[in-house]
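*Asks:* Pasting upload_16.pdb below, which is PDB, C-alpha atoms.
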ATOM      1  CA  MET A   1     107.860  85.581   6.345
ATOM      2  CA  THR A   2     107.054  81.913   6.016
ATOM      3  CA  ASP A   3     105.768  79.882   8.951
ATOM      4  CA  ASP A   4     107.659  76.593   8.952
ATOM      5  CA  GLN A   5     105.441  75.301  11.774
ATOM      6  CA  ALA A   6     102.109  76.141  10.139
ATOM      7  CA  ASN A   7     101.230  72.461   9.773
ATOM      8  CA  SER A   8     102.623  71.347  13.121
ATOM      9  CA  VAL A   9      99.074  71.063  14.491
ATOM     10  CA  LEU A  10      96.284  69.521  12.415
ATOM     11  CA  LEU A  11      92.552  69.810  13.056
ATOM     12  CA  ASP A  12      90.245  67.276  11.402
ATOM     13  CA  ARG A  13      86.679  66.073  11.862
ATOM     14  CA  ASP A  14      85.285  62.555  12.119
ATOM     15  CA  GLY A  15      81.548  63.119  12.454
ATOM     16  CA  PRO A  16      80.915  64.664  15.874
ATOM     17  CA  VAL A  17      84.545  64.118  16.904
ATOM     18  CA  ALA A  18      87.306  66.685  16.377
ATOM     19  CA  LEU A  19      90.748  65.141  15.938
ATOM     20  CA  ILE A  20      93.685  67.364  16.897
ATOM     21  CA  THR A  21      97.083  65.968  15.910
ATOM     22  CA  LEU A  22     100.497  67.236  16.938
ATOM     23  CA  ASN A  23     102.369  66.966  13.664
ATOM     24  CA  ARG A  24     106.097  67.254  14.223
ATOM     25  CA  PRO A  25     107.020  63.566  14.167
ATOM     26  CA  GLU A  26     110.687  64.132  13.332
ATOM     27  CA  LYS A  27     110.995  65.850  16.750
ATOM     28  CA  LEU A  28     108.716  63.384  18.570
ATOM     29  CA  ASN A  29     106.167  66.231  18.535
ATOM     30  CA  ALA A  30     108.270  68.271  20.964
ATOM     31  CA  TRP A  31     106.631  71.665  20.918
ATOM     32  CA  THR A  32     107.659  75.270  20.627
ATOM     33  CA  ALA A  33     105.735  78.356  21.712
ATOM     34  CA  ARG A  34     104.432  78.766  18.157
ATOM     35  CA  MET A  35     103.194  75.174  18.095
ATOM     36  CA  ARG A  36     101.400  75.631  21.416
ATOM     37  CA  ASP A  37      99.715  78.778  20.077
ATOM     38  CA  LEU A  38      98.444  76.782  17.097
ATOM     39  CA  LEU A  39      97.208  74.080  19.454
ATOM     40  CA  ILE A  40      95.309  76.655  21.515
ATOM     41  CA  GLU A  41      93.703  77.946  18.304
ATOM     42  CA  SER A  42      92.647  74.420  17.305
ATOM     43  CA  LEU A  43      91.177  73.740  20.745
ATOM     44  CA  ALA A  44      89.217  77.000  20.544
ATOM     45  CA  LYS A  45      87.860  76.100  17.104
ATOM     46  CA  ALA A  46      86.790  72.662  18.295
ATOM     47  CA  GLY A  47      85.154  74.185  21.349
ATOM     48  CA  ALA A  48      83.239  76.766  19.306
ATOM     49  CA  ASP A  49      82.003  74.329  16.624
ATOM     50  CA  PRO A  50      78.428  73.303  17.524
ATOM     51  CA  ASP A  51      78.772  70.119  15.483
ATOM     52  CA  VAL A  52      81.746  68.922  17.551
ATOM     53  CA  ARG A  53      80.666  66.970  20.620
ATOM     54  CA  ALA A  54      83.996  65.418  21.678
ATOM     55  CA  VAL A  55      87.722  65.937  21.033
ATOM     56  CA  VAL A  56      90.558  63.447  20.520
ATOM     57  CA  LEU A  57      94.162  64.573  21.015
ATOM     58  CA  THR A  58      97.043  62.596  19.524
ATOM     59  CA  GLY A  59     100.484  62.827  17.948
ATOM     60  CA  ALA A  60     101.828  61.892  14.538
ATOM     61  CA  GLY A  61     104.445  59.176  14.262
ATOM     62  CA  ARG A  62     105.798  57.313  17.279
ATOM     63  CA  ALA A  63     105.165  59.898  19.977
ATOM     64  CA  PHE A  64     102.287  61.718  21.603
ATOM     65  CA  CYS A  65     104.482  64.632  22.700
ATOM     66  CA  ALA A  66     108.039  64.621  24.033
ATOM     67  CA  GLY A  67     107.446  67.945  25.786
ATOM     68  CA  GLN A  68     109.358  71.181  25.307
ATOM     69  CA  ASP A  69     111.753  71.546  22.380
ATOM     70  CA  LEU A  70     114.910  72.241  24.370
ATOM     71  CA  LYS A  71     116.509  74.133  21.497
ATOM     72  CA  GLU A  72     113.997  76.893  22.169
ATOM     73  CA  THR A  73     114.623  77.151  25.910
ATOM     74  CA  ALA A  74     118.338  76.349  26.207
ATOM     75  CA  GLY A  75     119.304  79.936  25.510
ATOM     76  CA  ILE A  76     117.024  81.679  28.012
ATOM     77  CA  ASP A  77     118.918  84.541  29.645
ATOM     78  CA  PRO A  78     119.212  83.842  33.403
ATOM     79  CA  ASP A  79     118.471  87.524  34.089
ATOM     80  CA  ASP A  80     115.446  87.724  31.789
ATOM     81  CA  HIS A  81     112.666  87.015  34.277
ATOM     82  CA  ALA A  82     110.055  88.353  31.843
ATOM     83  CA  ALA A  83     110.985  85.682  29.303
ATOM     84  CA  SER A  84     110.818  82.968  31.950
ATOM     85  CA  ASP A  85     107.421  84.204  33.153
ATOM     86  CA  ALA A  86     106.110  84.406  29.583
ATOM     87  CA  TRP A  87     107.158  80.793  29.022
ATOM     88  CA  ILE A  88     105.164  79.666  32.062
ATOM     89  CA  ASP A  89     102.198  81.839  31.052
ATOM     90  CA  GLY A  90     102.178  80.123  27.662
ATOM     91  CA  PHE A  91     101.716  76.749  29.308
ATOM     92  CA  ASP A  92      99.041  78.188  31.584
ATOM     93  CA  ARG A  93      97.081  79.315  28.506
ATOM     94  CA  LEU A  94      97.498  75.917  26.863
ATOM     95  CA  TYR A  95      96.469  73.944  29.919
ATOM     96  CA  ARG A  96      93.424  76.139  30.443
ATOM     97  CA  ALA A  97      92.502  75.842  26.773
ATOM     98  CA  VAL A  98      92.062  72.084  27.115
ATOM     99  CA  ARG A  99      90.680  72.193  30.672
ATOM    100  CA  ASP A 100      88.066  74.812  29.770
ATOM    101  CA  LEU A 101      86.533  72.743  26.967
ATOM    102  CA  ASP A 102      83.001  71.774  27.972
ATOM    103  CA  LYS A 103      83.240  68.848  25.556
ATOM    104  CA  PRO A 104      84.856  65.568  26.633
ATOM    105  CA  THR A 105      88.483  65.078  25.610
ATOM    106  CA  ILE A 106      90.381  61.845  25.061
ATOM    107  CA  ALA A 107      94.144  61.575  24.615
ATOM    108  CA  ALA A 108      95.206  58.851  22.183
ATOM    109  CA  VAL A 109      98.672  58.238  23.620
ATOM    110  CA  ASN A 110     100.436  56.520  20.745
ATOM    111  CA  GLY A 111     103.994  56.736  22.090
ATOM    112  CA  VAL A 112     106.153  58.773  24.431
ATOM    113  CA  ALA A 113     104.394  61.428  26.516
ATOM    114  CA  ALA A 114     107.019  63.247  28.545
ATOM    115  CA  GLY A 115     107.406  66.466  30.499
ATOM    116  CA  SER A 116     104.836  69.061  29.537
ATOM    117  CA  GLY A 117     103.531  66.612  26.907
ATOM    118  CA  PHE A 118     102.796  64.170  29.722
ATOM    119  CA  GLN A 119     101.078  66.930  31.698
ATOM    120  CA  PHE A 120      98.993  67.802  28.644
ATOM    121  CA  ALA A 121      97.888  64.176  28.289
ATOM    122  CA  LEU A 122      96.831  64.111  31.950
ATOM    123  CA  LEU A 123      94.561  67.109  31.303
ATOM    124  CA  ALA A 124      92.425  65.037  28.950
ATOM    125  CA  ASP A 125      89.370  63.489  30.575
ATOM    126  CA  LEU A 126      90.365  59.988  29.436
ATOM    127  CA  ARG A 127      93.583  58.488  28.055
ATOM    128  CA  VAL A 128      93.978  55.490  25.752
ATOM    129  CA  GLY A 129      97.401  53.966  25.204
ATOM    130  CA  HIS A 130      99.330  50.753  24.533
ATOM    131  CA  ARG A 131     101.853  48.676  26.480
ATOM    132  CA  ASP A 132     104.937  50.222  24.903
ATOM    133  CA  VAL A 133     104.138  53.866  25.586
ATOM    134  CA  ARG A 134     106.492  55.757  27.888
ATOM    135  CA  MET A 135     104.984  58.342  30.196
ATOM    136  CA  GLY A 136     106.516  60.531  32.861
ATOM    137  CA  GLN A 137     108.174  63.679  34.071
ATOM    138  CA  PRO A 138     111.881  63.626  33.117
ATOM    139  CA  GLU A 139     112.367  67.404  33.379
ATOM    140  CA  VAL A 140     114.690  67.106  36.384
ATOM    141  CA  LEU A 141     117.158  65.246  34.141
ATOM    142  CA  SER A 142     117.473  68.449  32.095
ATOM    143  CA  GLY A 143     117.908  70.619  35.175
ATOM    144  CA  ILE A 144     114.322  71.883  34.984
ATOM    145  CA  PRO A 145     112.234  71.780  38.188
ATOM    146  CA  SER A 146     108.932  69.913  37.835
ATOM    147  CA  ILE A 147     106.384  72.317  39.301
ATOM    148  CA  THR A 148     103.270  72.188  37.113
ATOM    149  CA  GLY A 149     104.123  68.518  36.704
ATOM    150  CA  ILE A 150     103.570  67.985  40.416
ATOM    151  CA  TRP A 151     100.156  69.628  40.115
ATOM    152  CA  ALA A 152      99.200  67.505  37.080
ATOM    153  CA  MET A 153     100.211  64.223  38.739
ATOM    154  CA  TRP A 154      99.030  64.861  42.288
ATOM    155  CA  ASP A 155      95.337  63.977  42.024
ATOM    156  CA  VAL A 156      96.052  60.881  39.928
ATOM    157  CA  LEU A 157      99.044  59.497  41.827
ATOM    158  CA  GLY A 158      99.067  61.007  45.304
ATOM    159  CA  ARG A 159     102.153  62.281  47.099
ATOM    160  CA  ALA A 160     104.333  59.166  47.108
ATOM    161  CA  ARG A 161     104.195  58.339  43.398
ATOM    162  CA  THR A 162     104.225  62.005  42.390
ATOM    163  CA  ALA A 163     107.419  62.486  44.389
ATOM    164  CA  GLU A 164     108.983  59.395  42.828
ATOM    165  CA  LEU A 165     108.323  60.397  39.228
ATOM    166  CA  ALA A 166     109.114  64.090  39.756
ATOM    167  CA  LEU A 167     112.401  63.427  41.566
ATOM    168  CA  THR A 168     113.740  60.490  39.533
ATOM    169  CA  GLY A 169     112.574  61.424  36.037
ATOM    170  CA  ARG A 170     111.585  57.791  35.499
ATOM    171  CA  LEU A 171     109.229  56.967  32.634
ATOM    172  CA  VAL A 172     106.625  54.234  33.126
ATOM    173  CA  ASP A 173     105.413  51.856  30.433
ATOM    174  CA  GLY A 174     101.800  51.412  29.426
ATOM    175  CA  THR A 175     101.067  48.519  31.744
ATOM    176  CA  GLU A 176     102.263  50.437  34.795
ATOM    177  CA  ALA A 177     100.604  53.624  33.524
ATOM    178  CA  GLU A 178      97.224  51.877  33.412
ATOM    179  CA  ARG A 179      97.715  50.423  36.887
ATOM    180  CA  LEU A 180      98.540  53.871  38.254
ATOM    181  CA  GLY A 181      95.609  55.545  36.494
ATOM    182  CA  LEU A 182      97.752  57.526  34.064
ATOM    183  CA  LEU A 183      96.033  55.586  31.281
ATOM    184  CA  THR A 184      92.332  54.824  31.532
ATOM    185  CA  ARG A 185      92.336  52.167  28.819
ATOM    186  CA  LEU A 186      95.053  49.879  27.462
ATOM    187  CA  VAL A 187      94.724  48.496  23.922
ATOM    188  CA  ASP A 188      96.971  47.127  21.177
ATOM    189  CA  ALA A 189      99.220  49.737  19.587
ATOM    190  CA  GLU A 190      97.394  49.727  16.257
ATOM    191  CA  GLN A 191      94.060  50.265  18.031
ATOM    192  CA  VAL A 192      94.937  53.349  20.087
ATOM    193  CA  LEU A 193      93.508  56.023  17.795
ATOM    194  CA  THR A 194      90.552  53.904  16.693
ATOM    195  CA  SER A 195      89.626  53.115  20.300
ATOM    196  CA  ALA A 196      89.956  56.756  21.326
ATOM    197  CA  VAL A 197      87.685  57.898  18.490
ATOM    198  CA  GLU A 198      85.152  55.172  19.281
ATOM    199  CA  GLN A 199      85.052  56.231  22.920
ATOM    200  CA  ALA A 200      84.759  59.869  21.863
ATOM    201  CA  ARG A 201      81.758  58.948  19.716
ATOM    202  CA  GLU A 202      80.143  57.233  22.702
ATOM    203  CA  LEU A 203      80.638  60.361  24.805
ATOM    204  CA  ALA A 204      79.425  62.567  21.956
ATOM    205  CA  ALA A 205      76.091  60.720  22.057
ATOM    206  CA  LEU A 206      75.502  61.587  25.718
ATOM    207  CA  PRO A 207      73.514  64.654  26.882
ATOM    208  CA  PRO A 208      75.953  67.572  26.349
ATOM    209  CA  GLY A 209      74.564  69.717  29.152
ATOM    210  CA  ALA A 210      75.182  67.076  31.788
ATOM    211  CA  LEU A 211      78.693  66.483  30.473
ATOM    212  CA  ALA A 212      79.503  70.202  30.466
ATOM    213  CA  LEU A 213      78.232  70.711  34.009
ATOM    214  CA  THR A 214      80.115  67.666  35.258
ATOM    215  CA  LYS A 215      83.324  68.882  33.640
ATOM    216  CA  GLY A 216      82.770  72.300  35.145
ATOM    217  CA  ARG A 217      82.628  70.831  38.635
ATOM    218  CA  LEU A 218      85.749  68.760  37.997
ATOM    219  CA  ARG A 219      87.566  71.966  36.993
ATOM    220  CA  GLU A 220      86.461  73.744  40.142
ATOM    221  CA  LEU A 221      88.017  71.065  42.329
ATOM    222  CA  ASP A 222      91.583  71.889  41.324
ATOM    223  CA  ASP A 223      91.452  75.279  39.613
ATOM    224  CA  ASP A 224      92.967  77.056  42.619
ATOM    225  CA  ALA A 225      95.735  74.451  42.688
ATOM    226  CA  LEU A 226      96.580  75.185  39.041
ATOM    227  CA  ALA A 227      96.777  78.928  39.716
ATOM    228  CA  ALA A 228      99.052  78.241  42.697
ATOM    229  CA  ALA A 229     101.230  75.918  40.583
ATOM    230  CA  VAL A 230     101.680  78.591  37.918
ATOM    231  CA  ARG A 231     102.694  81.187  40.507
ATOM    232  CA  ALA A 232     105.129  78.736  42.071
ATOM    233  CA  ALA A 233     106.527  77.743  38.665
ATOM    234  CA  LYS A 234     107.402  81.353  37.865
ATOM    235  CA  LYS A 235     109.238  81.764  41.161
ATOM    236  CA  VAL A 236     111.037  78.435  41.041
ATOM    237  CA  HIS A 237     111.975  78.566  37.356
ATOM    238  CA  ALA A 238     113.408  82.063  37.777
ATOM    239  CA  ALA A 239     115.622  80.755  40.575
ATOM    240  CA  ALA A 240     116.605  77.685  38.549
ATOM    241  CA  TYR A 241     117.579  79.647  35.445
ATOM    242  CA  ALA A 242     119.468  82.186  37.541
ATOM    243  CA  SER A 243     121.669  79.317  38.747
ATOM    244  CA  GLY A 244     122.529  78.337  35.164
ATOM    245  CA  GLU A 245     121.888  74.652  35.847
ATOM    246  CA  PRO A 246     119.035  74.176  33.328
ATOM    247  CA  GLN A 247     121.128  75.800  30.594
ATOM    248  CA  ARG A 248     124.071  73.490  31.341
ATOM    249  CA  GLU A 249     121.935  70.362  31.423
ATOM    250  CA  MET A 250     120.035  71.279  28.252
ATOM    251  CA  ALA A 251     123.328  71.926  26.470
ATOM    252  CA  ARG A 252     124.448  68.479  27.650
ATOM    253  CA  PHE A 253     121.240  66.953  26.219
ATOM    254  CA  LEU A 254     121.540  68.779  22.899
ATOM    255  CA  ALA A 255     125.150  67.616  22.615
ATOM    256  CA  GLY A 256     123.929  64.036  22.779
ATOM    257  CA  ARG A 257     124.981  63.404  26.374
ATOM    258  CA  ARG A 258     121.522  62.915  27.840
ATOM    259  CA  ARG A 259     121.413  62.214  31.573
ATOM    260  CA  ARG A 260     119.554  59.016  32.491
ATOM    261  CA  ALA A 261     117.346  58.446  35.526
ATOM    262  CA  GLY A 262     119.587  57.364  38.394
ATOM    263  CA  GLU A 263     122.795  58.681  36.810
ATOM    264  CA  ARG A 264     125.072  60.445  39.242
ATOM    265  CA  GLN A 265     126.235  64.007  38.683
ATOM    266  CA  GLY A 266     129.891  64.347  37.853
TER     267      GLY A 266
END
Spell out the structure here as structure tokens.
*Replies:*
Amino acid sequence: MTDDQANSVLLDRDGPVALITLNRPEKLNAWTARMRDLLIESLAKAGADPDVRAVVLTGAGRAFCAGQDLKETAGIDPDDHAASDAWIDGFDRLYRAVRDLDKPTIAAVNGVAAGSGFQFALLADLRVGHRDVRMGQPEVLSGIPSITGIWAMWDVLGRARTAELALTGRLVDGTEAERLGLLTRLVDAEQVLTSAVEQARELAALPPGALALTKGRLRELDDDALAAAVRAAKKVHAAAYASGEPQREMARFLAGRRRRAGERQG
């Protein structure tokens, strides 16, 4: 059986920097379970390579990652709690794969970063982007509760802004993203990847032990919160899918009738 997603994640090296690229540009790098598995494998390889001292994450084309490919999740059986739990567990493995790297990570946000793709970007230690990026948590527009999204945003934004983005589905541009701390550096669009690699090289030259220990402490500060978010996501998503609302809204999206932030139901 052929694997039509075999090249959907690319792993390259630039000296001491590993470059991991989501490579599904025709879908704005929206990912499937298979693609996330490949990403976990690439992160593990980068982490195990003694010659890699820093990691850059980016996307091919005009997006970083548009989040979940809704074609994969639209047909989830409302009564299949095991499938829903497995979906959440897959994201837990992915998020831990990037969090558990002892090497510094930088997200080169070259375009839209939405939903779980936005959460993934926030897991990087640093994030470089440009003024025209769009970042946020639009899951509610597809009838999907934003549970791990709340966890990912909370420490960066606090309660008020987290509530706003989680409840409205609004995407912010690069200028606002930098002001809010969602981006740590704002550069011209053509300089995003170059700047991210340059910063990764600077970090790669620092004492690796001190970096690893510092990252370890940063993980400890919110590791319990991640575990709680995953447990909550399983419970809440099971209830959401049992209602049938996510399936209806995803069908609406796939039919080309995407709901916009602020649009009334009806």
*Asks:* Residue by residue, what does the PyMOL selection byres ((chain A and resi 67) around 6) grab here? Present the result as a PDB file with C-alpha atoms, in the frame of the given file.
*Replies:*
ATOM      1  CA  ALA A  30     108.270  68.271  20.964  1.00  0.00           C
ATOM      2  CA  CYS A  65     104.482  64.632  22.700  1.00  0.00           C
ATOM      3  CA  ALA A  66     108.039  64.621  24.033  1.00  0.00           C
ATOM      4  CA  GLN A  68     109.358  71.181  25.307  1.00  0.00           C
ATOM      5  CA  ALA A 114     107.019  63.247  28.545  1.00  0.00           C
ATOM      6  CA  GLY A 115     107.406  66.466  30.499  1.00  0.00           C
ATOM      7  CA  SER A 116     104.836  69.061  29.537  1.00  0.00           C
ATOM      8  CA  GLY A 117     103.531  66.612  26.907  1.00  0.00           C
TER       9      GLY A 117
END
*Asks:* Give the answer as one residue: which of A:Ala166, A:Ala227, A:Ala205, A:Ile150 has the shortest atom-to-atom distance to A:Arg93, using all atoms listed in the file?
*Replies:*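 Looking at the shortest contact to A:Arg93, the residue is A:Ala227.
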*Asks:* Compare A:Trp154, A:Ala108, A:Gly47, A:Ala239 by their minimum atom-to-atom distance to A:Gly181, counting all atoms listed in the file, and give me the closest one.
*Replies:* A:Trp154
*Asks:* Just the residues within 6 Å of stretch 129-141 of chain A, please, counting only C-alpha atoms, with nothing from its chain fewer than 4 positions along; format it as number ranges by chain.
*Replies:* A: 109-115, 145, 166, 169, 171-175, 186-189, 192, 259
*Asks:* State, in Å with one decimal place, the distance from atom CA of A:Leu22 to atom CA of A:Arg201.
*Replies:*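 We find that atom CA of A:Leu22 and atom CA of A:Arg201 lie 20.7 Å from each other.
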*Asks:* For a test of reading the model, state the distance in Å between atom CA of A:Glu164 and atom CA of A:Thr32, rounded to one decimal.
*Replies:* 27.3 Å
*Asks:* Extract stretch 25-72 of chain A from the coordinates I pasted, and write it as a PDB file, in the first residue's frame (atoms kept: C-alpha atoms).
*Replies:*
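What follows is the written file selection_0.pdb:
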ATOM      1  CA  PRO A  25       0.741  23.344   1.019  1.00  0.00           C
ATOM      2  CA  GLU A  26      -2.316  22.589  -1.114  1.00  0.00           C
ATOM      3  CA  LYS A  27      -4.221  22.020   2.169  1.00  0.00           C
ATOM      4  CA  LEU A  28      -2.545  24.902   4.031  1.00  0.00           C
ATOM      5  CA  ASN A  29      -0.635  22.156   5.878  1.00  0.00           C
ATOM      6  CA  ALA A  30      -3.807  20.995   7.630  1.00  0.00           C
ATOM      7  CA  TRP A  31      -2.793  17.736   9.228  1.00  0.00           C
ATOM      8  CA  THR A  32      -4.118  14.231   9.532  1.00  0.00           C
ATOM      9  CA  ALA A  33      -3.259  11.611  12.141  1.00  0.00           C
ATOM     10  CA  ARG A  34      -0.704  10.104   9.753  1.00  0.00           C
ATOM     11  CA  MET A  35       0.953  13.485   9.240  1.00  0.00           C
ATOM     12  CA  ARG A  36       1.167  14.061  12.992  1.00  0.00           C
ATOM     13  CA  ASP A  37       2.781  10.635  13.430  1.00  0.00           C
ATOM     14  CA  LEU A  38       5.418  11.593  10.860  1.00  0.00           C
ATOM     15  CA  LEU A  39       5.969  14.878  12.672  1.00  0.00           C
ATOM     16  CA  ILE A  40       6.483  13.049  15.968  1.00  0.00           C
ATOM     17  CA  GLU A  41       9.048  10.807  14.250  1.00  0.00           C
ATOM     18  CA  SER A  42      10.909  13.836  12.871  1.00  0.00           C
ATOM     19  CA  LEU A  43      10.944  15.534  16.273  1.00  0.00           C
ATOM     20  CA  ALA A  44      12.331  12.350  17.839  1.00  0.00           C
ATOM     21  CA  LYS A  45      15.076  12.123  15.212  1.00  0.00           C
ATOM     22  CA  ALA A  46      16.052  15.748  15.747  1.00  0.00           C
ATOM     23  CA  GLY A  47      16.078  15.229  19.496  1.00  0.00           C
ATOM     24  CA  ALA A  48      18.265  12.120  19.270  1.00  0.00           C
ATOM     25  CA  ASP A  49      20.814  13.590  16.820  1.00  0.00           C
ATOM     26  CA  PRO A  50      23.827  14.804  18.843  1.00  0.00           C
ATOM     27  CA  ASP A  51      24.795  17.201  16.061  1.00  0.00           C
ATOM     28  CA  VAL A  52      21.444  19.015  16.237  1.00  0.00           C
ATOM     29  CA  ARG A  53      21.458  21.810  18.802  1.00  0.00           C
ATOM     30  CA  ALA A  54      18.243  23.652  17.857  1.00  0.00           C
ATOM     31  CA  VAL A  55      15.063  23.000  15.849  1.00  0.00           C
ATOM     32  CA  VAL A  56      13.064  25.241  13.506  1.00  0.00           C
ATOM     33  CA  LEU A  57       9.447  24.365  12.699  1.00  0.00           C
ATOM     34  CA  THR A  58       7.729  25.815   9.637  1.00  0.00           C
ATOM     35  CA  GLY A  59       5.223  25.145   6.869  1.00  0.00           C
ATOM     36  CA  ALA A  60       5.521  24.991   3.102  1.00  0.00           C
ATOM     37  CA  GLY A  61       3.656  27.517   0.994  1.00  0.00           C
ATOM     38  CA  ARG A  62       1.480  30.240   2.496  1.00  0.00           C
ATOM     39  CA  ALA A  63       0.592  28.612   5.803  1.00  0.00           C
ATOM     40  CA  PHE A  64       2.276  27.354   8.936  1.00  0.00           C
ATOM     41  CA  CYS A  65      -0.567  24.949   9.743  1.00  0.00           C
ATOM     42  CA  ALA A  66      -4.318  25.415   9.363  1.00  0.00           C
ATOM     43  CA  GLY A  67      -4.965  22.792  12.042  1.00  0.00           C
ATOM     44  CA  GLN A  68      -6.961  19.589  11.703  1.00  0.00           C
ATOM     45  CA  ASP A  69      -7.994  18.361   8.260  1.00  0.00           C
ATOM     46  CA  LEU A  70     -11.750  18.354   8.810  1.00  0.00           C
ATOM     47  CA  LYS A  71     -12.303  15.682   6.175  1.00  0.00           C
ATOM     48  CA  GLU A  72     -10.700  13.238   8.591  1.00  0.00           C
TER      49      GLU A  72
END
